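Asks: You'll find work13.cif just under this line, and it carries mmCIF, C-alpha atoms, pLDDT in the B column; chains and numbers go by the auth columns.
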data_target
loop_
_atom_site.group_PDB
_atom_site.id
_atom_site.type_symbol
_atom_site.label_atom_id
_atom_site.label_comp_id
_atom_site.label_asym_id
_atom_site.label_seq_id
_atom_site.Cartn_x
_atom_site.Cartn_y
_atom_site.Cartn_z
_atom_site.B_iso_or_equiv
_atom_site.auth_seq_id
_atom_site.auth_asym_id
ATOM 1 C CA MET A 1 -27.478 22.173 -10.323 61.00 51 A
ATOM 2 C CA ASN A 2 -26.739 25.301 -12.386 65.00 52 A
ATOM 3 C CA LYS A 3 -25.932 27.084 -9.134 70.00 53 A
ATOM 4 C CA ILE A 4 -22.820 24.944 -8.566 75.00 54 A
ATOM 5 C CA LYS A 5 -21.867 24.206 -12.171 77.00 55 A
ATOM 6 C CA ASP A 6 -18.776 26.458 -12.220 84.00 56 A
ATOM 7 C CA PRO A 7 -17.295 25.145 -8.938 81.00 57 A
ATOM 8 C CA VAL A 8 -17.897 21.532 -10.064 82.00 58 A
ATOM 9 C CA VAL A 9 -16.120 22.241 -13.358 84.00 59 A
ATOM 10 C CA ALA A 10 -13.236 23.850 -11.424 88.00 60 A
ATOM 11 C CA GLY A 11 -13.035 20.784 -9.158 86.00 61 A
ATOM 12 C CA PHE A 12 -13.001 18.498 -12.192 86.00 62 A
ATOM 13 C CA GLN A 13 -10.217 20.512 -13.851 89.00 63 A
ATOM 14 C CA TRP A 14 -8.172 20.429 -10.650 89.00 64 A
ATOM 15 C CA ALA A 15 -8.648 16.668 -10.290 87.00 65 A
ATOM 16 C CA SER A 16 -7.824 15.965 -13.935 87.00 66 A
ATOM 17 C CA LYS A 17 -4.597 17.996 -13.706 89.00 67 A
ATOM 18 C CA GLU A 18 -3.508 16.074 -10.587 86.00 68 A
ATOM 19 C CA GLY A 19 -4.761 12.488 -10.814 81.00 69 A
ATOM 20 C CA ALA A 20 -5.354 10.419 -7.694 81.00 70 A
ATOM 21 C CA LEU A 21 -2.512 7.974 -8.349 80.00 71 A
ATOM 22 C CA ALA A 22 0.596 9.938 -9.259 80.00 72 A
ATOM 23 C CA LYS A 23 -0.498 13.582 -9.194 81.00 73 A
ATOM 24 C CA GLU A 24 -0.044 13.697 -12.989 84.00 74 A
ATOM 25 C CA ASN A 25 -2.446 14.704 -15.769 83.00 75 A
ATOM 26 C CA MET A 26 -5.150 12.123 -16.393 84.00 76 A
ATOM 27 C CA ARG A 27 -5.457 10.727 -19.933 81.00 77 A
ATOM 28 C CA GLY A 28 -8.111 8.615 -21.594 79.00 78 A
ATOM 29 C CA ILE A 29 -10.707 8.860 -18.838 80.00 79 A
ATOM 30 C CA CYS A 30 -14.428 9.330 -19.351 79.00 80 A
ATOM 31 C CA PHE A 31 -16.758 10.398 -16.543 78.00 81 A
ATOM 32 C CA GLU A 32 -20.515 10.073 -16.639 75.00 82 A
ATOM 33 C CA GLU A 33 -22.491 13.216 -15.998 71.00 83 A
ATOM 34 C CA VAL A 34 -23.522 14.319 -12.531 66.00 84 A
ATOM 35 C CA CYS A 35 -27.251 13.637 -12.270 64.00 85 A
ATOM 36 C CA ASP A 36 -28.253 14.116 -8.660 66.00 86 A
ATOM 37 C CA VAL A 37 -27.016 16.578 -6.062 69.00 87 A
ATOM 38 C CA ILE A 38 -28.451 17.472 -2.671 67.00 88 A
ATOM 39 C CA LEU A 39 -27.381 20.952 -1.640 69.00 89 A
ATOM 40 C CA HIS A 40 -27.391 22.445 1.815 62.00 90 A
ATOM 41 C CA ALA A 41 -30.302 24.772 2.468 66.00 91 A
ATOM 42 C CA ASP A 42 -27.996 27.575 3.601 66.00 92 A
ATOM 43 C CA ALA A 43 -26.361 29.268 0.567 64.00 93 A
ATOM 44 C CA ILE A 44 -23.142 29.930 2.471 63.00 94 A
ATOM 45 C CA HIS A 45 -22.401 26.167 2.382 62.00 95 A
ATOM 46 C CA CYS A 46 -22.749 26.011 -1.421 65.00 96 A
ATOM 47 C CA GLY A 47 -19.851 28.295 -2.350 66.00 97 A
ATOM 48 C CA GLY A 48 -16.743 27.419 -4.317 70.00 98 A
ATOM 49 C CA GLY A 49 -14.700 26.856 -1.160 77.00 99 A
ATOM 50 C CA GLN A 50 -16.919 23.909 -0.243 79.00 100 A
ATOM 51 C CA VAL A 51 -17.929 22.587 -3.677 82.00 101 A
ATOM 52 C CA ILE A 52 -14.551 22.581 -5.474 85.00 102 A
ATOM 53 C CA PRO A 53 -12.692 20.289 -2.986 87.00 103 A
ATOM 54 C CA THR A 54 -15.770 18.063 -2.726 85.00 104 A
ATOM 55 C CA ALA A 55 -16.013 17.715 -6.519 84.00 105 A
ATOM 56 C CA ARG A 56 -12.294 16.898 -6.646 89.00 106 A
ATOM 57 C CA ARG A 57 -12.674 14.155 -4.052 89.00 107 A
ATOM 58 C CA VAL A 58 -15.655 12.714 -5.948 87.00 108 A
ATOM 59 C CA ILE A 59 -13.588 12.583 -9.162 86.00 109 A
ATOM 60 C CA TYR A 60 -10.708 10.911 -7.293 88.00 110 A
ATOM 61 C CA ALA A 61 -13.050 8.354 -5.725 87.00 111 A
ATOM 62 C CA SER A 62 -14.619 7.496 -9.074 84.00 112 A
ATOM 63 C CA GLN A 63 -11.157 7.112 -10.615 85.00 113 A
ATOM 64 C CA LEU A 64 -9.964 4.785 -7.856 85.00 114 A
ATOM 65 C CA THR A 65 -13.049 2.547 -8.155 84.00 115 A
ATOM 66 C CA ALA A 66 -12.598 2.139 -11.923 82.00 116 A
ATOM 67 C CA LYS A 67 -9.405 0.000 -11.945 80.00 117 A
ATOM 68 C CA PRO A 68 -6.983 2.811 -12.858 82.00 118 A
ATOM 69 C CA ARG A 69 -3.729 2.209 -14.694 82.00 119 A
ATOM 70 C CA LEU A 70 -0.574 4.256 -15.080 83.00 120 A
ATOM 71 C CA LEU A 71 0.934 5.305 -18.400 86.00 121 A
ATOM 72 C CA GLU A 72 4.637 5.252 -19.073 88.00 122 A
ATOM 73 C CA SER A 73 6.519 7.146 -21.738 92.00 123 A
ATOM 74 C CA VAL A 74 8.160 5.095 -24.470 95.00 124 A
ATOM 75 C CA TYR A 75 11.102 5.920 -26.711 95.00 125 A
ATOM 76 C CA LEU A 76 11.446 5.020 -30.352 96.00 126 A
ATOM 77 C CA VAL A 77 15.035 3.757 -30.521 94.00 127 A
ATOM 78 C CA GLU A 78 16.819 3.604 -33.857 94.00 128 A
ATOM 79 C CA ILE A 79 20.037 1.621 -33.693 90.00 129 A
ATOM 80 C CA MET A 80 22.701 1.454 -36.363 90.00 130 A
ATOM 81 C CA ALA A 81 24.974 -1.515 -35.793 88.00 131 A
ATOM 82 C CA SER A 82 27.107 -4.160 -37.423 86.00 132 A
ATOM 83 C CA GLU A 83 26.016 -7.764 -37.724 86.00 133 A
ATOM 84 C CA GLN A 84 28.281 -8.846 -34.848 87.00 134 A
ATOM 85 C CA ALA A 85 26.475 -6.502 -32.431 87.00 135 A
ATOM 86 C CA LEU A 86 22.945 -7.818 -33.074 89.00 136 A
ATOM 87 C CA GLY A 87 23.067 -10.383 -30.251 88.00 137 A
ATOM 88 C CA GLY A 88 24.104 -7.742 -27.729 88.00 138 A
ATOM 89 C CA ILE A 89 21.387 -5.373 -28.944 89.00 139 A
ATOM 90 C CA TYR A 90 18.618 -7.953 -28.593 89.00 140 A
ATOM 91 C CA SER A 91 19.952 -9.018 -25.196 89.00 141 A
ATOM 92 C CA MET A 92 20.055 -5.416 -23.985 89.00 142 A
ATOM 93 C CA LEU A 93 16.523 -4.678 -25.206 89.00 143 A
ATOM 94 C CA ASN A 94 15.120 -7.861 -23.638 90.00 144 A
ATOM 95 C CA GLN A 95 16.678 -7.017 -20.262 88.00 145 A
ATOM 96 C CA ARG A 96 15.088 -3.552 -20.360 89.00 146 A
ATOM 97 C CA ARG A 97 11.566 -4.470 -21.593 89.00 147 A
ATOM 98 C CA GLY A 98 12.363 -3.275 -25.118 90.00 148 A
ATOM 99 C CA HIS A 99 10.513 -4.510 -28.199 91.00 149 A
ATOM 100 C CA VAL A 100 12.073 -4.692 -31.688 92.00 150 A
ATOM 101 C CA PHE A 101 9.552 -4.071 -34.450 94.00 151 A
ATOM 102 C CA GLU A 102 11.793 -3.587 -37.485 93.00 152 A
ATOM 103 C CA GLU A 103 15.209 -4.815 -38.602 91.00 153 A
ATOM 104 C CA MET A 104 16.628 -3.828 -41.985 92.00 154 A
ATOM 105 C CA GLN A 105 20.012 -4.562 -43.475 89.00 155 A
ATOM 106 C CA TRP A 106 21.516 -1.770 -45.515 86.00 156 A
ATOM 107 C CA SER A 107 21.992 -3.171 -49.004 86.00 157 A
ATOM 108 C CA GLY A 108 25.582 -3.969 -49.890 86.00 158 A
ATOM 109 C CA THR A 109 26.850 -3.584 -46.302 86.00 159 A
ATOM 110 C CA LEU A 110 26.969 -5.532 -43.063 84.00 160 A
ATOM 111 C CA LEU A 111 25.197 -2.711 -41.213 89.00 161 A
ATOM 112 C CA TYR A 112 21.723 -3.095 -39.787 90.00 162 A
ATOM 113 C CA ASN A 113 19.157 -0.472 -38.869 92.00 163 A
ATOM 114 C CA ILE A 114 17.007 -1.666 -35.962 92.00 164 A
ATOM 115 C CA LYS A 115 13.902 0.101 -34.675 95.00 165 A
ATOM 116 C CA ALA A 116 12.565 -0.707 -31.235 95.00 166 A
ATOM 117 C CA TYR A 117 10.356 0.630 -28.469 95.00 167 A
ATOM 118 C CA LEU A 118 12.000 1.123 -25.073 93.00 168 A
ATOM 119 C CA PRO A 119 10.315 2.447 -21.908 92.00 169 A
ATOM 120 C CA VAL A 120 11.989 5.717 -20.931 92.00 170 A
ATOM 121 C CA VAL A 121 12.449 4.581 -17.317 88.00 171 A
ATOM 122 C CA GLU A 122 14.477 1.606 -18.593 87.00 172 A
ATOM 123 C CA SER A 123 16.780 3.849 -20.636 86.00 173 A
ATOM 124 C CA PHE A 124 18.426 5.543 -17.664 87.00 174 A
ATOM 125 C CA GLY A 125 22.059 4.490 -17.464 80.00 175 A
ATOM 126 C CA SER A 126 21.837 2.613 -20.740 79.00 176 A
ATOM 127 C CA SER A 127 24.665 4.361 -22.617 78.00 177 A
ATOM 128 C CA GLY A 128 27.336 2.382 -20.772 80.00 178 A
ATOM 129 C CA ALA A 129 25.325 -0.818 -21.115 81.00 179 A
ATOM 130 C CA TRP A 130 25.002 -0.305 -24.890 81.00 180 A
ATOM 131 C CA ARG A 131 28.750 0.058 -25.197 80.00 181 A
ATOM 132 C CA ALA A 132 29.431 -2.947 -22.983 83.00 182 A
ATOM 133 C CA SER A 133 26.941 -5.311 -24.635 83.00 183 A
ATOM 134 C CA THR A 134 27.939 -4.409 -28.213 84.00 184 A
ATOM 135 C CA SER A 135 31.644 -3.603 -27.754 83.00 185 A
ATOM 136 C CA GLY A 136 30.934 -0.065 -28.914 81.00 186 A
ATOM 137 C CA GLN A 137 29.489 -1.191 -32.267 83.00 187 A
ATOM 138 C CA ALA A 138 25.911 0.053 -31.762 83.00 188 A
ATOM 139 C CA PHE A 139 24.776 3.642 -32.039 82.00 189 A
ATOM 140 C CA PRO A 140 21.279 4.187 -30.577 86.00 190 A
ATOM 141 C CA GLN A 141 19.171 7.324 -31.063 90.00 191 A
ATOM 142 C CA CYS A 142 16.235 7.724 -28.649 91.00 192 A
ATOM 143 C CA VAL A 143 13.200 9.934 -29.359 95.00 193 A
ATOM 144 C CA PHE A 144 9.967 10.133 -27.358 95.00 194 A
ATOM 145 C CA TYR A 145 7.307 8.237 -29.316 95.00 195 A
ATOM 146 C CA HIS A 146 4.165 7.515 -27.293 93.00 196 A
ATOM 147 C CA TRP A 147 2.558 6.712 -23.959 92.00 197 A
ATOM 148 C CA ASP A 148 1.889 3.056 -23.166 90.00 198 A
ATOM 149 C CA MET A 149 -0.334 1.590 -20.469 87.00 199 A
ATOM 150 C CA MET A 150 1.531 -0.339 -17.792 82.00 200 A
ATOM 151 C CA SER A 151 0.139 -3.831 -17.338 77.00 201 A
ATOM 152 C CA PHE A 152 0.304 -3.986 -13.534 76.00 202 A
ATOM 153 C CA ASP A 153 -2.402 -2.854 -11.120 75.00 203 A
ATOM 154 C CA PRO A 154 -1.114 0.183 -9.192 75.00 204 A
ATOM 155 C CA LEU A 155 -3.400 -0.579 -6.258 77.00 205 A
ATOM 156 C CA GLU A 156 -2.188 -4.172 -5.860 78.00 206 A
ATOM 157 C CA VAL A 157 0.240 -4.408 -2.968 79.00 207 A
ATOM 158 C CA GLY A 158 3.699 -5.456 -4.113 74.00 208 A
ATOM 159 C CA SER A 159 3.202 -4.757 -7.825 69.00 209 A
ATOM 160 C CA GLN A 160 5.777 -2.763 -9.778 65.00 210 A
ATOM 161 C CA GLU A 161 3.343 0.129 -10.184 64.00 211 A
ATOM 162 C CA SER A 162 2.452 0.220 -6.476 67.00 212 A
ATOM 163 C CA THR A 163 6.054 1.146 -5.724 67.00 213 A
ATOM 164 C CA LEU A 164 5.730 4.057 -8.156 65.00 214 A
ATOM 165 C CA VAL A 165 2.501 5.290 -6.567 62.00 215 A
ATOM 166 C CA THR A 166 3.622 5.075 -2.927 62.00 216 A
#
Take the structure I supplied and represent it as structure tokens, if you would.

Replies:
Amino acid sequence: MNKIKDPVVAGFQWASKEGALAKENMRGICFEEVCDVILHADAIHCGGGQVIPTARRVIYASQLTAKPRLLESVYLVEIMASEQALGGIYSMLNQRRGHVFEEMQWSGTLLYNIKAYLPVVESFGSSGAWRASTSGQAFPQCVFYHWDMMSFDPLEVGSQESTLVT
């Protein structure tokens, strides 16, 4: 086993940099240790050129059998708006899988500060939609906040994630 340790580690690093689903870095995955290996008797068949791709395929196979999920990036959206624009803001966020987690009124004014999570993929083309749904009364600021696990199975035919993978 020590004879092929370095090529196996190289294969693991390659596989973890380019995951089996979307060719992106893998996150939050734990692999059990390799316990049993049968090597070819001829040393020429145990070199890095043979072991690294094999180790990579083993890592991919173990990932695909473990019900993998995709992660999506999520924005923290801070929105400053008047009271009349609140309906449009909530409507816009609901249409785009957004989630409001805080709403504060500025004391002594009719302005509200709303904080929400919005998937980055849903934010594309949203500047015109914000203006249209709030009559130009909302001012959103988007900042990357975290990665969130998508709820669909990427290997299920017809799911939203399967279209991203294929």

Asks: Taking the file as shown, find all residues satisfying the PyMOL selection byres ((chain A and resi 115-126) around 9) and write them as a PyMOL selection string.

Replies: chain A and resi 71-72+77+110-114+127-128+165-171+173+191-205+211

Asks: Closest to Lys55 (chain A) among A:Val150, A:Ala105, A:Gln155, A:Gln134, using all atoms listed in the file?

Replies: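 For Lys55 (chain A), the nearest of the given residues is A:Ala105.
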
Asks: Go through A:Phe174, A:Phe62, A:Trp156, A:Trp180 and flag the residue nearest Ser141 (chain A), using all atoms listed in the file for the distances.

Replies: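 For Ser141 (chain A), the nearest of the given residues is A:Trp180.
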
Asks: Work out how far CA of Gly98 (chain A) is from CA of Met76 (chain A), in Å to one decimal.

Replies: 22.7 Å

Asks: Give the answer as one residue: which of A:Val108, A:Met154, A:Ile139, A:Ala182 has the shortest atom-to-atom distance to Gly61 (chain A), using all atoms listed in the file?

Replies: A:Val108

Asks: Apply the PyMOL selection byres ((chain A and resi 66) around 10) to the displayed file and report the matching residues as a PyMOL selection string.

Replies: chain A and resi 60-65+67-70+73-77+79+106+109-110

Asks: Using the chain letters and numbers from this file, what does the PyMOL selection byres ((chain A and resi 177) around 12) select? Give the answer as a list in words.

Replies: Met142, Glu172, Ser173, Phe174, Gly175, Ser176, Gly178, Ala179, Trp180, Arg181, Ala182, Ser183, Thr184, Ser185, Gly186, Ala188, Phe189, Pro190, Gln191 and Cys192 of chain A

Asks: Only C-alpha atoms, please: the residues just picked out, written as a PDB file, in the frame of the given file.

Replies:
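Contents of part-v1.pdb, freshly written:
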ATOM      1  CA  MET A 142      20.055  -5.416 -23.985  1.00 89.00           C
ATOM      2  CA  GLU A 172      14.477   1.606 -18.593  1.00 87.00           C
ATOM      3  CA  SER A 173      16.780   3.849 -20.636  1.00 86.00           C
ATOM      4  CA  PHE A 174      18.426   5.543 -17.664  1.00 87.00           C
ATOM      5  CA  GLY A 175      22.059   4.490 -17.464  1.00 80.00           C
ATOM      6  CA  SER A 176      21.837   2.613 -20.740  1.00 79.00           C
ATOM      7  CA  GLY A 178      27.336   2.382 -20.772  1.00 80.00           C
ATOM      8  CA  ALA A 179      25.325  -0.818 -21.115  1.00 81.00           C
ATOM      9  CA  TRP A 180      25.002  -0.305 -24.890  1.00 81.00           C
ATOM     10  CA  ARG A 181      28.750   0.058 -25.197  1.00 80.00           C
ATOM     11  CA  ALA A 182      29.431  -2.947 -22.983  1.00 83.00           C
ATOM     12  CA  SER A 183      26.941  -5.311 -24.635  1.00 83.00           C
ATOM     13  CA  THR A 184      27.939  -4.409 -28.213  1.00 84.00           C
ATOM     14  CA  SER A 185      31.644  -3.603 -27.754  1.00 83.00           C
ATOM     15  CA  GLY A 186      30.934  -0.065 -28.914  1.00 81.00           C
ATOM     16  CA  ALA A 188      25.911   0.053 -31.762  1.00 83.00           C
ATOM     17  CA  PHE A 189      24.776   3.642 -32.039  1.00 82.00           C
ATOM     18  CA  PRO A 190      21.279   4.187 -30.577  1.00 86.00           C
ATOM     19  CA  GLN A 191      19.171   7.324 -31.063  1.00 90.00           C
ATOM     20  CA  CYS A 192      16.235   7.724 -28.649  1.00 91.00           C
TER      21      CYS A 192
END

Asks: Check the smallest atom-to-atom distance from each of A:His149, A:Gln187, A:Ile164, A:Lys53 to Ser132 (chain A) using all atoms listed in the file, then report the winner.

Replies: A:Gln187

Asks: Given the choices A:Gly208, A:Pro57, A:Gly148, A:Gly158, which gets closest to Pro103 (chain A) if the distance is worked out from all atoms listed in the file?

Replies: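 Closest to Pro103 (chain A), using all atoms listed in the file: A:Pro57.
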
Asks: If you measure from CA of Ala135 (chain A) to CA of Asn163 (chain A), what distance in Å do you get, rounded to one decimal?

Replies: 11.5 Å
